[in-house]
Structure formats: C-alpha cells, structure tokens
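Undergrad: One file: final05.pdb (PDB, C-alpha atoms).
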```
ATOM      1  CA  MET A 291      -9.458  32.315 -42.760  1.00  0.00           C
ATOM      2  CA  ILE A 292     -10.093  34.037 -39.419  1.00  0.00           C
ATOM      3  CA  LEU A 293     -12.644  31.357 -38.492  1.00  0.00           C
ATOM      4  CA  LEU A 294     -10.019  28.641 -39.135  1.00  0.00           C
ATOM      5  CA  SER A 295      -7.546  30.456 -36.877  1.00  0.00           C
ATOM      6  CA  TYR A 296     -10.095  30.588 -34.046  1.00  0.00           C
ATOM      7  CA  ALA A 297     -10.891  26.892 -34.509  1.00  0.00           C
ATOM      8  CA  ILE A 298      -7.207  25.967 -34.281  1.00  0.00           C
ATOM      9  CA  LEU A 299      -6.745  28.205 -31.236  1.00  0.00           C
ATOM     10  CA  PHE A 300      -9.764  26.580 -29.582  1.00  0.00           C
ATOM     11  CA  LEU A 301      -8.422  23.069 -30.242  1.00  0.00           C
ATOM     12  CA  VAL A 302      -4.951  23.938 -28.943  1.00  0.00           C
ATOM     13  CA  THR A 303      -6.471  25.474 -25.785  1.00  0.00           C
ATOM     14  CA  LEU A 304      -8.715  22.441 -25.253  1.00  0.00           C
ATOM     15  CA  LEU A 305      -5.795  20.042 -25.702  1.00  0.00           C
ATOM     16  CA  THR A 306      -3.604  22.030 -23.300  1.00  0.00           C
ATOM     17  CA  CYS A 307      -6.311  22.081 -20.616  1.00  0.00           C
ATOM     18  CA  SER A 308      -6.945  18.347 -21.042  1.00  0.00           C
ATOM     19  CA  LEU A 309      -3.273  17.490 -20.682  1.00  0.00           C
ATOM     20  CA  GLY A 310      -3.026  19.742 -17.632  1.00  0.00           C
ATOM     21  CA  ALA A 311      -5.993  18.010 -16.014  1.00  0.00           C
ATOM     22  CA  VAL A 312      -4.498  14.576 -16.669  1.00  0.00           C
ATOM     23  CA  ALA A 313      -1.160  15.690 -15.213  1.00  0.00           C
ATOM     24  CA  ILE A 314      -2.860  17.001 -12.052  1.00  0.00           C
ATOM     25  CA  MET A 315      -4.823  13.762 -11.597  1.00  0.00           C
ATOM     26  CA  ALA A 316      -1.658  11.683 -12.061  1.00  0.00           C
ATOM     27  CA  TYR A 317       0.246  13.825  -9.557  1.00  0.00           C
ATOM     28  CA  ASN A 318      -2.537  13.552  -6.962  1.00  0.00           C
ATOM     29  CA  SER A 319      -2.888   9.800  -7.389  1.00  0.00           C
ATOM     30  CA  ARG A 320       0.847   9.302  -6.814  1.00  0.00           C
ATOM     31  CA  ARG A 321       0.682  11.268  -3.548  1.00  0.00           C
ATOM     32  CA  GLN A 322      -2.181   9.248  -2.055  1.00  0.00           C
ATOM     33  CA  LYS A 323      -1.491   6.083  -0.128  1.00  0.00           C
ATOM     34  CA  THR A 324      -3.019   2.910  -1.384  1.00  0.00           C
ATOM     35  CA  ARG A 325      -6.318   2.185   0.244  1.00  0.00           C
ATOM     36  CA  THR A 326      -6.824  -1.498   0.724  1.00  0.00           C
ATOM     37  CA  ASP A 327      -8.921  -3.524   3.046  1.00  0.00           C
ATOM     38  CA  ASP A 328      -6.348  -5.441   5.073  1.00  0.00           C
ATOM     39  CA  ARG A 329      -8.906  -7.097   7.348  1.00  0.00           C
ATOM     40  CA  PRO A 330      -8.911 -10.335   5.309  1.00  0.00           C
ATOM     41  CA  LEU A 331      -5.259 -10.761   6.355  1.00  0.00           C
ATOM     42  CA  ILE A 332      -6.291 -11.144   9.995  1.00  0.00           C
ATOM     43  CA  GLY A 333      -6.199 -14.822  10.855  1.00  0.00           C
ATOM     44  CA  SER A 334      -3.846 -15.658   7.999  1.00  0.00           C
ATOM     45  CA  GLY A 335      -0.754 -17.714   8.601  1.00  0.00           C
ATOM     46  CA  ALA A 336       2.641 -16.139   7.910  1.00  0.00           C
ATOM     47  CA  VAL A 337       6.320 -17.029   8.061  1.00  0.00           C
ATOM     48  CA  VAL A 338       8.855 -14.713   9.676  1.00  0.00           C
ATOM     49  CA  ASP A 339      11.328 -13.558   7.027  1.00  0.00           C
ATOM     50  CA  LYS A 340      13.401 -11.144   9.111  1.00  0.00           C
ATOM     51  CA  GLN A 341      13.561 -11.843  12.844  1.00  0.00           C
ATOM     52  CA  LEU A 342      10.977  -9.953  14.852  1.00  0.00           C
ATOM     53  CA  SER A 343      12.660  -8.229  17.761  1.00  0.00           C
ATOM     54  CA  PRO A 344       9.929  -6.972  18.129  1.00  0.00           C
ATOM     55  CA  LYS A 345       9.896  -5.445  14.601  1.00  0.00           C
ATOM     56  CA  GLY A 346      10.803  -7.286  11.428  1.00  0.00           C
ATOM     57  CA  ALA A 347       9.224  -8.724   8.309  1.00  0.00           C
ATOM     58  CA  VAL A 348       6.886 -11.605   7.505  1.00  0.00           C
ATOM     59  CA  ILE A 349       5.655 -13.262   4.336  1.00  0.00           C
ATOM     60  CA  VAL A 350       1.878 -13.509   4.029  1.00  0.00           C
ATOM     61  CA  ARG A 351       0.272 -14.980   0.904  1.00  0.00           C
ATOM     62  CA  GLY A 352       3.551 -14.572  -0.964  1.00  0.00           C
ATOM     63  CA  GLU A 353       3.923 -10.882  -0.066  1.00  0.00           C
ATOM     64  CA  LEU A 354       6.552  -9.352   2.215  1.00  0.00           C
ATOM     65  CA  TRP A 355       5.053  -7.204   5.007  1.00  0.00           C
ATOM     66  CA  ASN A 356       6.569  -5.208   7.842  1.00  0.00           C
ATOM     67  CA  ALA A 357       5.401  -6.641  11.132  1.00  0.00           C
ATOM     68  CA  PHE A 358       5.880  -6.577  14.864  1.00  0.00           C
ATOM     69  CA  SER A 359       5.204  -9.161  17.519  1.00  0.00           C
ATOM     70  CA  LEU A 360       2.042  -8.640  19.522  1.00  0.00           C
ATOM     71  CA  HIS A 361       3.634  -8.936  22.967  1.00  0.00           C
ATOM     72  CA  GLY A 362       7.050  -7.493  22.057  1.00  0.00           C
ATOM     73  CA  GLN A 363       8.792 -10.861  22.139  1.00  0.00           C
ATOM     74  CA  ASN A 364      11.600 -11.903  19.817  1.00  0.00           C
ATOM     75  CA  ILE A 365      10.488 -14.354  17.134  1.00  0.00           C
ATOM     76  CA  PRO A 366      13.240 -15.989  15.033  1.00  0.00           C
ATOM     77  CA  SER A 367      13.120 -16.189  11.250  1.00  0.00           C
ATOM     78  CA  GLN A 368      11.361 -19.127   9.581  1.00  0.00           C
ATOM     79  CA  THR A 369       8.864 -19.335  12.479  1.00  0.00           C
ATOM     80  CA  ASN A 370       5.184 -19.789  11.662  1.00  0.00           C
ATOM     81  CA  VAL A 371       3.054 -16.960  13.034  1.00  0.00           C
ATOM     82  CA  ILE A 372      -0.518 -15.742  12.654  1.00  0.00           C
ATOM     83  CA  VAL A 373      -1.694 -12.231  11.786  1.00  0.00           C
ATOM     84  CA  VAL A 374      -3.775 -10.886  14.682  1.00  0.00           C
ATOM     85  CA  GLY A 375      -4.122  -7.238  13.683  1.00  0.00           C
ATOM     86  CA  VAL A 376      -3.202  -4.451  11.300  1.00  0.00           C
ATOM     87  CA  ARG A 377      -2.026  -0.908  12.074  1.00  0.00           C
ATOM     88  CA  GLY A 378      -1.749   1.072   8.882  1.00  0.00           C
ATOM     89  CA  HIS A 379       0.438  -1.128   6.705  1.00  0.00           C
ATOM     90  CA  ILE A 380       2.191  -2.934   9.555  1.00  0.00           C
ATOM     91  CA  LEU A 381       0.967  -6.333  10.702  1.00  0.00           C
ATOM     92  CA  MET A 382       0.722  -7.454  14.311  1.00  0.00           C
ATOM     93  CA  VAL A 383       1.594 -11.138  14.621  1.00  0.00           C
ATOM     94  CA  ASP A 384       1.716 -13.751  17.357  1.00  0.00           C
ATOM     95  CA  TYR A 385       3.023 -17.296  17.610  1.00  0.00           C
ATOM     96  CA  PHE A 386       0.909 -19.796  15.674  1.00  0.00           C
ATOM     97  CA  ARG A 387      -0.801 -22.209  18.014  1.00  0.00           C
ATOM     98  CA  ASP A 388      -2.494 -25.384  16.731  1.00  0.00           C
TER      99      ASP A 388
END
```
Take the structure in the file and give it back as structure tokens.

TA:
Amino acid sequence: MILLSYAILFLVTLLTCSLGAVAIMAYNSRRQKTRTDDRPLIGSGAVVDKQLSPKGAVIVRGELWNAFSLHGQNIPSQTNVIVVGVRGHILMVDYFRD
C-alpha cells in the first residue's frame, strides 16, 4: 500500500513538473518576436495602402506591412512602389521605375 502511494506521488509530481515546463516554454515563445528572413521581400513590388508621408502602409504579396518612403517623400495610396530595404519589421520603399 505504501509503495502504491509513492508511485502515485511520483506520477503527480512528474505531471506537475511537465505542465510547468510547458507553461514556461509557451510564455517564453509568446514574448519573443518572430524571426523571419525578410530579405526575399527586397525587390518585390508593392502597392501603397495608406499614404506614405513618409510613413504609412503597403501591401506586399497580399500582406499589409508598415513602410516608409526611402527619401522621405509623400507617396499617395494606390501607387506602385518597390521594396528597397527592411529595418526590423518596417519596409523602406521607393517609387517603382520601369
């Protein structure tokens, strides 16, 4: 009977520690920023969604991104632009030239 009590206590302790570890990993993963390689976006065409003056938003590959114009100029919405750089999660864009 005592052996069964120790076995149950061991299982409860193991389960509690496992759940604690999972909770800590989930908490830490929510605090970290997403790490993506945004370099493939450079050179991609985009459309200005919210006027850049010089900050605004653009749509690239169907995704909405915060952006700013490379030279600080105002760029109206619905203008085609090209992604020329990335700073963190903000795109630098310039007028699209054929």

Undergrad: Take atom CA of A:Val374 and atom CA of A:Gly335 and report the distance between them in Å, one decimal.

TA: 9.6 Å

Undergrad: Can you list, as a list in words, the residues that the PyMOL selection byres ((chain A and resi 333) around 9) selects here?

TA: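 That expression, the PyMOL selection byres ((chain A and resi 333) around 9), corresponds here to Arg329, Pro330, Leu331, Ile332, Ser334, Gly335, Ile372, Val373, Val374 and Gly375 of chain A.
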
Undergrad: So what do you get for atom CA of A:Asn318 versus atom CA of A:Leu301, distance-wise?

TA: 25.8 Å

Undergrad: Here is a test: counting all atoms listed in the file, which residue of A:Ser295, A:Ser367, A:Thr303, A:Ser319 is nearest to A:Pro344?

TA: A:Ser367

Undergrad: Run the PyMOL selection byres ((chain A and resi 349) around 12) on the file and write out the hits as number ranges by chain.

TA: A: 331, 334-341, 346-348, 350-357, 367-373, 381, 383

Undergrad: Please determine, counting only C-alpha atoms, which residue among A:Ala311, A:Leu342, A:Leu304, A:Ile292 has the shortest atom-to-atom distance to A:Gln363.

TA: A:Leu342

Undergrad: Nearest to A:Phe358 among A:Ile380, A:Arg387, A:Tyr317, A:Ala297, with distances taken over all atoms listed in the file: which residue is it?

TA: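 Comparing A:Ile380, A:Arg387, A:Tyr317, A:Ala297 against A:Phe358, the winner is A:Ile380.
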
Undergrad: Quick one: distance from atom CA of A:Thr306 to atom CA of A:Met291 in Å, one decimal?

TA: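 Atom-to-atom, atom CA of A:Thr306 and atom CA of A:Met291 are spaced 22.8 Å apart.
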
Undergrad: Output stretch 358-377 of chain A as a tab-separated table (two decimals), in the coordinates of the input, making sure N, CA, C and O atoms are there.

TA:
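Contents of the output file part33.tsv:
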```tsv
chain	number	residue	atom	x	y	z
A	358	PHE	N	5.31	-6.55	13.52
A	358	PHE	CA	5.88	-6.58	14.86
A	358	PHE	C	5.11	-7.58	15.69
A	358	PHE	O	3.96	-7.88	15.44
A	359	SER	N	5.82	-8.13	16.70
A	359	SER	CA	5.20	-9.16	17.52
A	359	SER	C	4.24	-8.51	18.50
A	359	SER	O	4.49	-7.43	19.03
A	360	LEU	N	3.14	-9.17	18.72
A	360	LEU	CA	2.04	-8.64	19.52
A	360	LEU	C	2.48	-8.29	20.94
A	360	LEU	O	2.13	-7.23	21.46
A	361	HIS	N	3.25	-9.15	21.57
A	361	HIS	CA	3.63	-8.94	22.97
A	361	HIS	C	5.07	-8.45	23.11
A	361	HIS	O	5.64	-8.50	24.20
A	362	GLY	N	5.69	-8.02	22.00
A	362	GLY	CA	7.05	-7.49	22.06
A	362	GLY	C	8.14	-8.54	22.18
A	362	GLY	O	9.29	-8.21	22.42
A	363	GLN	N	7.79	-9.80	22.00
A	363	GLN	CA	8.79	-10.86	22.14
A	363	GLN	C	9.60	-11.00	20.85
A	363	GLN	O	9.18	-10.58	19.79
A	364	ASN	N	10.77	-11.59	20.98
A	364	ASN	CA	11.60	-11.90	19.82
A	364	ASN	C	11.08	-13.18	19.19
A	364	ASN	O	10.87	-14.18	19.88
A	365	ILE	N	10.92	-13.17	17.86
A	365	ILE	CA	10.49	-14.35	17.13
A	365	ILE	C	11.50	-14.59	16.02
A	365	ILE	O	11.69	-13.73	15.16
A	366	PRO	N	12.19	-15.74	16.04
A	366	PRO	CA	13.24	-15.99	15.03
A	366	PRO	C	12.67	-16.18	13.62
A	366	PRO	O	11.50	-16.49	13.44
A	367	SER	N	13.55	-16.01	12.64
A	367	SER	CA	13.12	-16.19	11.25
A	367	SER	C	12.72	-17.64	11.00
A	367	SER	O	13.14	-18.55	11.72
A	368	GLN	N	11.91	-17.84	10.00
A	368	GLN	CA	11.36	-19.13	9.58
A	368	GLN	C	10.36	-19.71	10.58
A	368	GLN	O	10.01	-20.88	10.50
A	369	THR	N	9.87	-18.89	11.52
A	369	THR	CA	8.86	-19.34	12.48
A	369	THR	C	7.48	-19.05	11.91
A	369	THR	O	7.24	-18.00	11.32
A	370	ASN	N	6.57	-20.00	12.09
A	370	ASN	CA	5.18	-19.79	11.66
A	370	ASN	C	4.48	-18.90	12.68
A	370	ASN	O	4.57	-19.15	13.88
A	371	VAL	N	3.81	-17.88	12.18
A	371	VAL	CA	3.05	-16.96	13.03
A	371	VAL	C	1.68	-16.75	12.42
A	371	VAL	O	1.40	-17.20	11.30
A	372	ILE	N	0.82	-16.06	13.15
A	372	ILE	CA	-0.52	-15.74	12.65
A	372	ILE	C	-0.74	-14.24	12.77
A	372	ILE	O	-0.29	-13.62	13.74
A	373	VAL	N	-1.40	-13.66	11.78
A	373	VAL	CA	-1.69	-12.23	11.79
A	373	VAL	C	-2.89	-12.00	12.70
A	373	VAL	O	-3.96	-12.58	12.51
A	374	VAL	N	-2.70	-11.15	13.72
A	374	VAL	CA	-3.78	-10.89	14.68
A	374	VAL	C	-4.31	-9.46	14.59
A	374	VAL	O	-5.32	-9.13	15.21
A	375	GLY	N	-3.65	-8.61	13.82
A	375	GLY	CA	-4.12	-7.24	13.68
A	375	GLY	C	-3.33	-6.48	12.63
A	375	GLY	O	-2.30	-6.94	12.15
A	376	VAL	N	-3.84	-5.31	12.29
A	376	VAL	CA	-3.20	-4.45	11.30
A	376	VAL	C	-3.23	-3.02	11.81
A	376	VAL	O	-4.27	-2.55	12.27
A	377	ARG	N	-2.10	-2.34	11.76
A	377	ARG	CA	-2.03	-0.91	12.07
A	377	ARG	C	-1.41	-0.22	10.86
A	377	ARG	O	-0.21	-0.33	10.64
```
